[in-house]
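Report on the following structure.
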Amino acid sequence: MAAYDSHSITLSSDLFSLTVHPTRLIFAAGLSSGHVYTYTWPSTSDDDDETPTTEQDYTVAWKTHRHKGSCRSTVYSNDGETLYTAGTDSLLKAAASATGRVVSKSLLPSITDHATVLLPLSPQHLLLGTDAGHIYLYDLRTPSHLSSASPAASWTSMHEDYISSLLPLPATAASTTGFSRTFIATGDTTLTHLDARKPGKVLSRSEPQEDEILCASFVANAPSRQTGGSEKIITGTSSGVVTTWNKGFWEDHQERIPLSRSTGDSIDALLTLPQGFEVEGAGWGTFFAAGSGDGKIRIVKMGGNKTVATLAHAYSADEARRMAGGRAKAGDYTEGLEEGVSALAIDCDGRIVSGGGTVVKIWTPREAQDEEEAEVQGKKKRKEVDCDDDKPEGSDSEVEGESSDDEKERKKRKKKKRKGGKGKAKSAGVKNVNSFTGLD
C-alpha cells in the first residue's frame, strides 16, 4: 500500500474550519477560540537541492483574534485575494488574505442563528449556511467585497437541522461567465438542489436517507459503466458510509461504499483528488479521500471502490501505546490522540492537507527508496514491540480562552453523529508568530 510522510502543525485551540489558498502554499485555520491563523510552507519544487525541510520552514504568516466566540467557517475567494470568515458573534468578515486586514463586514440576519459553512459560488456570490437550516446569498459588489449589510437572497428552513455542506455544481455549456449558479446543500438526512437565480425555491430534494449527511464533494470523472454517467456527488454519512449520487438524479443515492462502518465512526470530510493524482501500486483511476472520526484518512479508488491507502491523522490510545512500545513517557504519544478528521483540502502542489482536533498535517508521498528503508525500520520496531508487550508504559497557549457554549455545542454534535474524535490533543503552542494589532 502507498506510504506518505506528514508534517504536523499544532494549533493553540481546536480547529473548527480549514481552507487552502487556490494558488499559494498557505492555509487558514479558524479556531474554537475565535482566532484565525494562516501558515505557509515550502513547495515540493524547493526540494531539488535535497535540503530537508525543517520546523522553521512552516511559519505563521499572520494571526488575529477575528471573532468573539468561535470561528465557524473560513474560505478563500475564487482568486484567493480575500479570506471570508464567519463566527458565533454573528459577523461575516472579508479580509485581505495577504495581510489579514478586514476590508468589509456584514451582520447575519439573526444573532442566535450562527453560520456553519461558507461557499464562494462565484466572484459575485457568496453563500452561507446556518445552524437553523437557512441559506443566505450575499451579493459581492466587486470581487471579494461584501456590498450590503444584509443578504440579497435567502432559502429558509431548507433542512430540519444545520447546513452541513454547500457544494457548487459545474457551469453548463450555456453559461456566459464560466461560473455555476446551481449548488447542492446537505443537512440532516437529505440533499437539496438549488439555484442562486431562484431564491426560496427548491429545484429538487432527496428522499430521507438512512443516515445523517455530513459532507459532500463533486467528482467529474467517475467510472461510468452501469453507474449512470461520470459526473457524481459523493456524500459522507454518520454511519461511516460514503454514498454516490448521479448528477441530475437527486431522489436517492446510487451506491454505498462502507469505509469506517465497522468501527461506527462517521465520515466528516471528503476530498475529490485531482485528475492525474497518483497512488503508488493503485494504477490509473479516479480517487477521493475520506476523513473519519477514527482519525484515519482513506484514499479510495472509484470503480472498484477499494481503499488503496490509509493515512493516520490521529491514533487511538491502543495504537499509540503499541507504537510507543511501552517505553514512552506519559504524554509522549498524545498528539492528535483520538481526534477525528474534520477537514480535508489539497494544496497547489497536489499535497493533501488534513485537520482535526488541534493538529493540521501536510502529507507528502514517500519516495520508493525511503519507503523501503522505513519498511525495514518498521519490521525492526515491530520485533522489539513483540518482545516488550508487557512493559508499562504543554506548552503555554497564546489564546486567552475558548467559547465554552460553542465548544459544548460542538461536542454535543460530535457525540450525536459519531463515537470517535472526542479526545483533545495537547497544544505545543505556535512559533514564528507575527501578530497584527487592529485587524478587526
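Labels used: A, B, ... for chains in the order of the C-alpha cells, numbers from 1 for residues in each chain, and numbers from 1 for ligands as shown.
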Check: Can you tell me, as a PyMOL selection string, what residues are no more than 6 Å from stretch 353-362 of chain A when counting only C-alpha atoms, ignoring any on the same chain fewer than 4 positions away?
Finding: chain A and resi 6-11+13-15+339-346
Write out the residues from the selection above, keeping C-alpha atoms, as a JSON list (two decimals), in the first residue's frame.
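The resulting file, again-v9.json, is shown below:
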```json
[["chain", "number", "residue", "atom", "x", "y", "z"],
["A", 6, "SER", "CA", 3.47, 14.12, 7.11],
["A", 7, "HIS", "CA", 4.44, 17.32, 8.86],
["A", 8, "SER", "CA", 2.30, 18.27, 11.86],
["A", 9, "ILE", "CA", 1.38, 21.80, 12.88],
["A", 10, "THR", "CA", -0.09, 22.13, 16.36],
["A", 11, "LEU", "CA", -2.67, 24.87, 16.86],
["A", 13, "SER", "CA", -7.06, 25.51, 20.28],
["A", 14, "ASP", "CA", -9.49, 23.19, 18.50],
["A", 15, "LEU", "CA", -9.84, 23.52, 14.74],
["A", 339, "GLU", "CA", -9.16, 13.18, 17.30],
["A", 340, "GLY", "CA", -11.26, 12.70, 14.20],
["A", 341, "VAL", "CA", -10.52, 14.25, 10.80],
["A", 342, "SER", "CA", -12.84, 17.24, 10.42],
["A", 343, "ALA", "CA", -11.34, 18.87, 7.30],
["A", 344, "LEU", "CA", -9.52, 17.86, 4.11],
["A", 345, "ALA", "CA", -8.02, 20.03, 1.37],
["A", 346, "ILE", "CA", -5.34, 19.86, -1.31]]
```
Item checked: Non-local contacts of A:Ser73 (10 Å; only C-alpha atoms; under 6 positions in same chain excluded) as number ranges by chain -> A: 16-19, 29-31, 84-88, 92, 115-119, 128-129
Mind dumping the selected residues with N, CA, C and O atoms as a short mmCIF file (atom, residue, chain, number, x, y, z; two decimals), in the first residue's frame?
```
data_model
loop_
_atom_site.label_atom_id
_atom_site.label_comp_id
_atom_site.auth_asym_id
_atom_site.auth_seq_id
_atom_site.Cartn_x
_atom_site.Cartn_y
_atom_site.Cartn_z
N PHE A 16 -11.92 24.49 13.95
CA PHE A 16 -13.31 24.47 13.51
C PHE A 16 -13.41 24.47 11.99
O PHE A 16 -14.37 23.94 11.44
N SER A 17 -12.46 25.12 11.31
CA SER A 17 -12.54 25.18 9.84
C SER A 17 -11.13 25.31 9.27
O SER A 17 -10.23 25.85 9.92
N LEU A 18 -10.98 24.83 8.03
CA LEU A 18 -9.69 24.84 7.36
C LEU A 18 -9.90 25.11 5.89
O LEU A 18 -10.77 24.51 5.25
N THR A 19 -9.12 26.04 5.33
CA THR A 19 -9.20 26.32 3.90
C THR A 19 -7.80 26.55 3.36
O THR A 19 -6.94 27.12 4.05
N ALA A 29 -6.75 28.66 9.21
CA ALA A 29 -7.45 27.82 10.17
C ALA A 29 -8.29 28.68 11.10
O ALA A 29 -7.77 29.61 11.72
N GLY A 30 -9.58 28.39 11.17
CA GLY A 30 -10.48 29.06 12.11
C GLY A 30 -10.61 28.21 13.36
O GLY A 30 -10.91 27.01 13.28
N LEU A 31 -10.40 28.80 14.54
CA LEU A 31 -10.33 28.05 15.78
C LEU A 31 -11.53 28.29 16.68
O LEU A 31 -12.26 29.27 16.54
N TYR A 84 -12.73 34.97 3.64
CA TYR A 84 -14.01 35.19 4.32
C TYR A 84 -14.06 34.33 5.57
O TYR A 84 -13.67 33.15 5.55
N THR A 85 -14.56 34.87 6.66
CA THR A 85 -14.74 34.12 7.90
C THR A 85 -16.10 34.45 8.50
O THR A 85 -16.62 35.55 8.31
N ALA A 86 -16.65 33.50 9.24
CA ALA A 86 -17.92 33.71 9.94
C ALA A 86 -17.80 33.06 11.31
O ALA A 86 -17.23 31.97 11.45
N GLY A 87 -18.36 33.75 12.33
CA GLY A 87 -18.23 33.24 13.69
C GLY A 87 -19.53 33.29 14.47
O GLY A 87 -20.57 33.71 13.96
N THR A 88 -19.44 32.87 15.72
CA THR A 88 -20.63 32.86 16.57
C THR A 88 -20.96 34.25 17.10
O THR A 88 -21.92 34.40 17.87
N LEU A 92 -20.00 38.21 9.53
CA LEU A 92 -19.32 37.70 8.35
C LEU A 92 -18.30 38.76 7.95
O LEU A 92 -18.65 39.92 7.74
N ALA A 115 -23.50 30.83 11.71
CA ALA A 115 -23.03 30.25 10.45
C ALA A 115 -22.39 28.89 10.69
O ALA A 115 -21.75 28.65 11.72
N THR A 116 -22.56 27.98 9.73
CA THR A 116 -21.91 26.67 9.79
C THR A 116 -20.96 26.45 8.62
O THR A 116 -19.98 25.71 8.75
N VAL A 117 -21.23 27.07 7.47
CA VAL A 117 -20.41 26.82 6.28
C VAL A 117 -20.52 28.00 5.32
O VAL A 117 -21.56 28.66 5.24
N LEU A 118 -19.42 28.30 4.61
CA LEU A 118 -19.38 29.34 3.59
C LEU A 118 -18.99 28.73 2.26
O LEU A 118 -18.23 27.76 2.20
N LEU A 119 -19.50 29.31 1.16
CA LEU A 119 -19.14 28.86 -0.19
C LEU A 119 -19.11 30.04 -1.14
O LEU A 119 -20.14 30.70 -1.35
N LEU A 128 -23.92 31.26 2.50
CA LEU A 128 -23.69 30.99 3.91
C LEU A 128 -24.82 30.12 4.44
O LEU A 128 -26.00 30.45 4.26
N GLY A 129 -24.47 29.00 5.07
CA GLY A 129 -25.45 28.12 5.70
C GLY A 129 -25.43 28.29 7.20
O GLY A 129 -24.40 28.67 7.78
#
```
Item checked: Distance query A:Leu271 at most 7 Å, only C-alpha atoms, self and fewer than 2 positions along chain excluded, as a count of residues only -> 8
Next item on the list: May I ask which of the residues A:Met302, A:Leu194, A:Ile26, A:Met158 is the closest one to A:Val242, counting only C-alpha atoms?
Entry: A:Met302
Next item on the list: Run DSSP on the backbone and give me the residues of stretch 72-283 of chain A it puts in strand (DSSP E), as an NGL selection string.
Entry: :A and (72-76 or 82-87 or 91-96 or 102-107 or 115-122 or 125-130 or 135-139 or 153-155 or 163-168 or 182-187 or 190-195 or 204-205 or 213-219 or 232-237 or 241-246 or 255-258 or 267-272)
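Counting only C-alpha atoms and comparing A:Tyr76, A:Tyr39, A:Phe218, A:Phe179, the residue that lies closest to A:Ser165 is A:Phe218.
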Item checked: Point-to-point distance from atom CA of A:Gly303 to atom CA of A:Leu259, Å rounded to tenths ->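 Separation between atom CA of A:Gly303 and atom CA of A:Leu259: 14.7 Å.
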Next item on the list: Mind giving me the straight-line distance from atom CA of A:Ser148 to atom CA of A:Ser106 in Å, one decimal?
Entry: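 Result for atom CA of A:Ser148 versus atom CA of A:Ser106: 7.1 Å, one decimal.
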Next item on the list: List every residue of stretch 266-365 of chain A that DSSP, applied to the backbone, labels as helix (DSSP H, G or I), and write the result as a PyMOL selection string.
Entry: chain A and resi 317-324
Using only C-alpha atoms, which protein or nucleic acid residues come within 12 Å of A:Gly283? Drop anything in the same chain fewer than 2 positions from it, and give the result as a CSV table (one decimal) with all heavy atoms, in the first residue's frame.
```
chain,number,residue,atom,x,y,z
A,1,MET,N,0.8,-1.2,0.0
A,1,MET,CA,0.0,0.0,0.0
A,1,MET,C,0.9,1.2,0.0
A,1,MET,O,1.9,1.3,0.6
A,1,MET,CB,-0.9,0.0,1.2
A,1,MET,CG,-2.0,1.1,1.2
A,1,MET,SD,-3.3,0.9,2.5
A,1,MET,CE,-4.2,-0.5,1.8
A,2,ALA,N,0.4,2.3,-0.7
A,2,ALA,CA,1.2,3.5,-0.8
A,2,ALA,C,1.5,4.1,0.6
A,2,ALA,O,0.7,4.0,1.5
A,2,ALA,CB,0.5,4.5,-1.7
A,276,GLY,N,-5.1,12.9,-12.5
A,276,GLY,CA,-3.7,12.8,-12.6
A,276,GLY,C,-3.0,12.5,-11.2
A,276,GLY,O,-1.8,12.2,-11.2
A,277,PHE,N,-3.8,12.5,-10.1
A,277,PHE,CA,-3.3,12.2,-8.8
A,277,PHE,C,-2.9,10.7,-8.8
A,277,PHE,O,-3.7,9.8,-9.3
A,277,PHE,CB,-4.4,12.4,-7.7
A,277,PHE,CG,-3.9,12.2,-6.3
A,277,PHE,CD1,-3.3,13.3,-5.6
A,277,PHE,CD2,-3.9,11.0,-5.7
A,277,PHE,CE1,-2.9,13.1,-4.3
A,277,PHE,CE2,-3.5,10.8,-4.4
A,277,PHE,CZ,-2.9,11.9,-3.7
A,278,GLU,N,-1.7,10.4,-8.3
A,278,GLU,CA,-1.2,9.0,-8.4
A,278,GLU,C,-1.1,8.5,-7.0
A,278,GLU,O,-0.6,9.1,-6.1
A,278,GLU,CB,0.2,9.0,-9.1
A,278,GLU,CG,0.1,9.5,-10.6
A,278,GLU,CD,1.5,9.4,-11.2
A,278,GLU,OE1,2.5,9.0,-10.5
A,278,GLU,OE2,1.6,9.7,-12.4
A,279,VAL,N,-1.5,7.2,-6.9
A,279,VAL,CA,-1.3,6.4,-5.7
A,279,VAL,C,-0.4,5.2,-6.1
A,279,VAL,O,-0.9,4.4,-6.9
A,279,VAL,CB,-2.6,6.0,-5.1
A,279,VAL,CG1,-2.3,5.1,-3.8
A,279,VAL,CG2,-3.4,7.2,-4.7
A,280,GLU,N,0.7,5.1,-5.5
A,280,GLU,CA,1.7,4.0,-5.9
A,280,GLU,C,1.0,2.6,-5.7
A,280,GLU,O,0.4,2.3,-4.7
A,280,GLU,CB,2.9,4.1,-5.0
A,280,GLU,CG,4.0,3.1,-5.5
A,280,GLU,CD,5.3,3.2,-4.7
A,280,GLU,OE1,5.4,4.1,-3.9
A,280,GLU,OE2,6.1,2.3,-4.8
A,281,GLY,N,1.1,1.8,-6.8
A,281,GLY,CA,0.5,0.5,-6.8
A,281,GLY,C,-0.9,0.4,-7.1
A,281,GLY,O,-1.5,-0.7,-7.2
A,285,GLY,N,-6.6,6.0,-12.3
A,285,GLY,CA,-8.0,6.0,-11.9
A,285,GLY,C,-8.5,7.3,-11.3
A,285,GLY,O,-7.8,8.3,-11.4
A,286,THR,N,-9.7,7.3,-10.8
A,286,THR,CA,-10.3,8.4,-10.1
A,286,THR,C,-10.3,8.1,-8.6
A,286,THR,O,-10.8,7.1,-8.2
A,286,THR,CB,-11.7,8.7,-10.6
A,286,THR,OG1,-11.6,9.0,-12.0
A,286,THR,CG2,-12.3,9.9,-9.9
A,287,PHE,N,-9.7,9.0,-7.8
A,287,PHE,CA,-9.6,8.8,-6.4
A,287,PHE,C,-10.3,9.9,-5.6
A,287,PHE,O,-10.4,11.0,-6.0
A,287,PHE,CB,-8.1,8.8,-6.0
A,287,PHE,CG,-7.3,7.7,-6.7
A,287,PHE,CD1,-6.6,8.1,-7.9
A,287,PHE,CD2,-7.1,6.5,-6.2
A,287,PHE,CE1,-5.9,7.1,-8.6
A,287,PHE,CE2,-6.4,5.5,-6.9
A,287,PHE,CZ,-5.8,5.9,-8.1
A,301,LYS,N,-10.1,4.3,-4.5
A,301,LYS,CA,-10.2,4.3,-6.0
A,301,LYS,C,-11.6,4.0,-6.4
A,301,LYS,O,-12.1,2.9,-6.1
A,301,LYS,CB,-9.2,3.3,-6.6
A,301,LYS,CG,-9.1,3.3,-8.1
A,301,LYS,CD,-8.1,2.3,-8.6
A,301,LYS,CE,-8.0,2.3,-10.1
A,301,LYS,NZ,-7.0,1.4,-10.6
A,302,MET,N,-12.2,4.9,-7.2
A,302,MET,CA,-13.6,4.7,-7.6
A,302,MET,C,-13.6,3.6,-8.7
A,302,MET,O,-12.7,3.4,-9.4
A,302,MET,CB,-14.2,6.0,-8.1
A,302,MET,CG,-14.3,7.0,-7.0
A,302,MET,SD,-15.3,8.5,-7.4
A,302,MET,CE,-16.9,7.7,-7.3
A,308,VAL,N,-7.1,2.2,-1.2
A,308,VAL,CA,-5.7,1.9,-1.7
A,308,VAL,C,-4.6,2.5,-0.8
A,308,VAL,O,-3.4,2.2,-1.0
A,308,VAL,CB,-5.6,2.4,-3.1
A,308,VAL,CG1,-6.5,1.7,-4.1
A,308,VAL,CG2,-5.8,3.9,-3.2
```
Check: How many Å separate atom CA of A:Pro170 from atom CA of A:Thr44?
Finding: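 Atom CA of A:Thr44 lies at a distance of 29.6 Å from atom CA of A:Pro170.
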If you count only C-alpha atoms, which residues fall within 8 Å of A:Ala185, apart from same-chain ones fewer than 2 positions away, as a PDB file with all heavy atoms, in the first residue's frame?
```pdb
ATOM      1  N   ILE A 163     -27.022  23.254   8.288  1.00  0.00           N
ATOM      2  CA  ILE A 163     -26.481  23.021   6.946  1.00  0.00           C
ATOM      3  C   ILE A 163     -25.075  22.454   7.113  1.00  0.00           C
ATOM      4  O   ILE A 163     -24.167  23.128   7.593  1.00  0.00           O
ATOM      5  CB  ILE A 163     -26.435  24.323   6.118  1.00  0.00           C
ATOM      6  CG1 ILE A 163     -27.838  24.935   6.004  1.00  0.00           C
ATOM      7  CG2 ILE A 163     -25.847  24.061   4.734  1.00  0.00           C
ATOM      8  CD1 ILE A 163     -28.843  24.073   5.259  1.00  0.00           C
ATOM      9  N   SER A 164     -24.889  21.207   6.703  1.00  0.00           N
ATOM     10  CA  SER A 164     -23.604  20.545   6.918  1.00  0.00           C
ATOM     11  C   SER A 164     -22.623  20.792   5.784  1.00  0.00           C
ATOM     12  O   SER A 164     -21.404  20.733   5.989  1.00  0.00           O
ATOM     13  CB  SER A 164     -23.812  19.034   7.106  1.00  0.00           C
ATOM     14  OG  SER A 164     -24.482  18.464   5.991  1.00  0.00           O
ATOM     15  N   SER A 165     -23.122  21.065   4.566  1.00  0.00           N
ATOM     16  CA  SER A 165     -22.216  21.359   3.449  1.00  0.00           C
ATOM     17  C   SER A 165     -22.943  22.114   2.347  1.00  0.00           C
ATOM     18  O   SER A 165     -24.167  21.982   2.182  1.00  0.00           O
ATOM     19  CB  SER A 165     -21.598  20.074   2.875  1.00  0.00           C
ATOM     20  OG  SER A 165     -22.565  19.290   2.204  1.00  0.00           O
ATOM     21  N   LEU A 166     -22.181  22.909   1.613  1.00  0.00           N
ATOM     22  CA  LEU A 166     -22.644  23.588   0.403  1.00  0.00           C
ATOM     23  C   LEU A 166     -21.647  23.257  -0.692  1.00  0.00           C
ATOM     24  O   LEU A 166     -20.436  23.374  -0.503  1.00  0.00           O
ATOM     25  CB  LEU A 166     -22.709  25.102   0.610  1.00  0.00           C
ATOM     26  CG  LEU A 166     -23.756  25.623   1.597  1.00  0.00           C
ATOM     27  CD1 LEU A 166     -23.541  27.111   1.864  1.00  0.00           C
ATOM     28  CD2 LEU A 166     -25.168  25.373   1.077  1.00  0.00           C
ATOM     29  N   LEU A 167     -22.146  22.846  -1.855  1.00  0.00           N
ATOM     30  CA  LEU A 167     -21.277  22.339  -2.909  1.00  0.00           C
ATOM     31  C   LEU A 167     -21.695  22.911  -4.259  1.00  0.00           C
ATOM     32  O   LEU A 167     -22.843  22.742  -4.678  1.00  0.00           O
ATOM     33  CB  LEU A 167     -21.363  20.810  -2.956  1.00  0.00           C
ATOM     34  CG  LEU A 167     -20.527  20.091  -4.006  1.00  0.00           C
ATOM     35  CD1 LEU A 167     -19.048  20.211  -3.671  1.00  0.00           C
ATOM     36  CD2 LEU A 167     -20.937  18.623  -4.082  1.00  0.00           C
ATOM     37  N   PHE A 183     -26.277  24.792  -7.029  1.00  0.00           N
ATOM     38  CA  PHE A 183     -25.462  24.203  -5.975  1.00  0.00           C
ATOM     39  C   PHE A 183     -26.269  23.178  -5.197  1.00  0.00           C
ATOM     40  O   PHE A 183     -27.501  23.104  -5.302  1.00  0.00           O
ATOM     41  CB  PHE A 183     -24.911  25.286  -5.040  1.00  0.00           C
ATOM     42  CG  PHE A 183     -25.965  26.106  -4.341  1.00  0.00           C
ATOM     43  CD1 PHE A 183     -26.362  25.815  -3.043  1.00  0.00           C
ATOM     44  CD2 PHE A 183     -26.568  27.199  -4.985  1.00  0.00           C
ATOM     45  CE1 PHE A 183     -27.326  26.576  -2.400  1.00  0.00           C
ATOM     46  CE2 PHE A 183     -27.526  27.971  -4.350  1.00  0.00           C
ATOM     47  CZ  PHE A 183     -27.910  27.654  -3.054  1.00  0.00           C
ATOM     48  N   GLY A 187     -28.063  18.577   4.782  1.00  0.00           N
ATOM     49  CA  GLY A 187     -28.394  18.805   6.182  1.00  0.00           C
ATOM     50  C   GLY A 187     -29.310  17.697   6.651  1.00  0.00           C
ATOM     51  O   GLY A 187     -30.079  17.151   5.847  1.00  0.00           O
ATOM     52  N   LEU A 191     -30.660  15.867   0.889  1.00  0.00           N
ATOM     53  CA  LEU A 191     -29.855  16.664  -0.038  1.00  0.00           C
ATOM     54  C   LEU A 191     -30.802  17.502  -0.884  1.00  0.00           C
ATOM     55  O   LEU A 191     -31.829  16.994  -1.351  1.00  0.00           O
ATOM     56  CB  LEU A 191     -29.014  15.720  -0.900  1.00  0.00           C
ATOM     57  CG  LEU A 191     -28.166  16.266  -2.053  1.00  0.00           C
ATOM     58  CD1 LEU A 191     -26.953  15.350  -2.272  1.00  0.00           C
ATOM     59  CD2 LEU A 191     -28.972  16.334  -3.352  1.00  0.00           C
ATOM     60  N   THR A 192     -30.478  18.788  -1.076  1.00  0.00           N
ATOM     61  CA  THR A 192     -31.324  19.655  -1.896  1.00  0.00           C
ATOM     62  C   THR A 192     -30.520  20.267  -3.033  1.00  0.00           C
ATOM     63  O   THR A 192     -29.332  20.555  -2.887  1.00  0.00           O
ATOM     64  CB  THR A 192     -31.955  20.792  -1.060  1.00  0.00           C
ATOM     65  OG1 THR A 192     -30.926  21.478  -0.347  1.00  0.00           O
ATOM     66  CG2 THR A 192     -32.973  20.251  -0.083  1.00  0.00           C
ATOM     67  N   HIS A 193     -31.204  20.475  -4.163  1.00  0.00           N
ATOM     68  CA  HIS A 193     -30.619  21.092  -5.359  1.00  0.00           C
ATOM     69  C   HIS A 193     -31.238  22.475  -5.502  1.00  0.00           C
ATOM     70  O   HIS A 193     -32.459  22.617  -5.602  1.00  0.00           O
ATOM     71  CB  HIS A 193     -30.921  20.223  -6.583  1.00  0.00           C
ATOM     72  CG  HIS A 193     -30.363  20.755  -7.855  1.00  0.00           C
ATOM     73  ND1 HIS A 193     -30.952  20.524  -9.091  1.00  0.00           N
ATOM     74  CD2 HIS A 193     -29.267  21.524  -8.100  1.00  0.00           C
ATOM     75  CE1 HIS A 193     -30.234  21.120 -10.021  1.00  0.00           C
ATOM     76  NE2 HIS A 193     -29.214  21.734  -9.445  1.00  0.00           N
ATOM     77  N   LEU A 194     -30.383  23.525  -5.517  1.00  0.00           N
ATOM     78  CA  LEU A 194     -30.864  24.903  -5.504  1.00  0.00           C
ATOM     79  C   LEU A 194     -30.202  25.718  -6.606  1.00  0.00           C
ATOM     80  O   LEU A 194     -29.169  25.337  -7.149  1.00  0.00           O
ATOM     81  CB  LEU A 194     -30.571  25.545  -4.140  1.00  0.00           C
ATOM     82  CG  LEU A 194     -31.096  24.783  -2.913  1.00  0.00           C
ATOM     83  CD1 LEU A 194     -30.528  25.380  -1.639  1.00  0.00           C
ATOM     84  CD2 LEU A 194     -32.620  24.773  -2.879  1.00  0.00           C
TER      85      LEU A 194
END
```
Next item on the list: Compile the contact shell of A:Tyr4 as a PyMOL selection string: residues with an atom at most 12 Å away, counting only C-alpha atoms, same-chain residues fewer than 4 positions apart removed.
Entry: chain A and resi 279-280+297+299+309-313+351-353+361-368+370-371+374
Margin query: I need the residue nearest A:Tyr138 from this list: A:Val202, A:Leu214, A:Leu121, A:Ala220. Use only C-alpha atoms for the distance.
Written below: A:Leu121
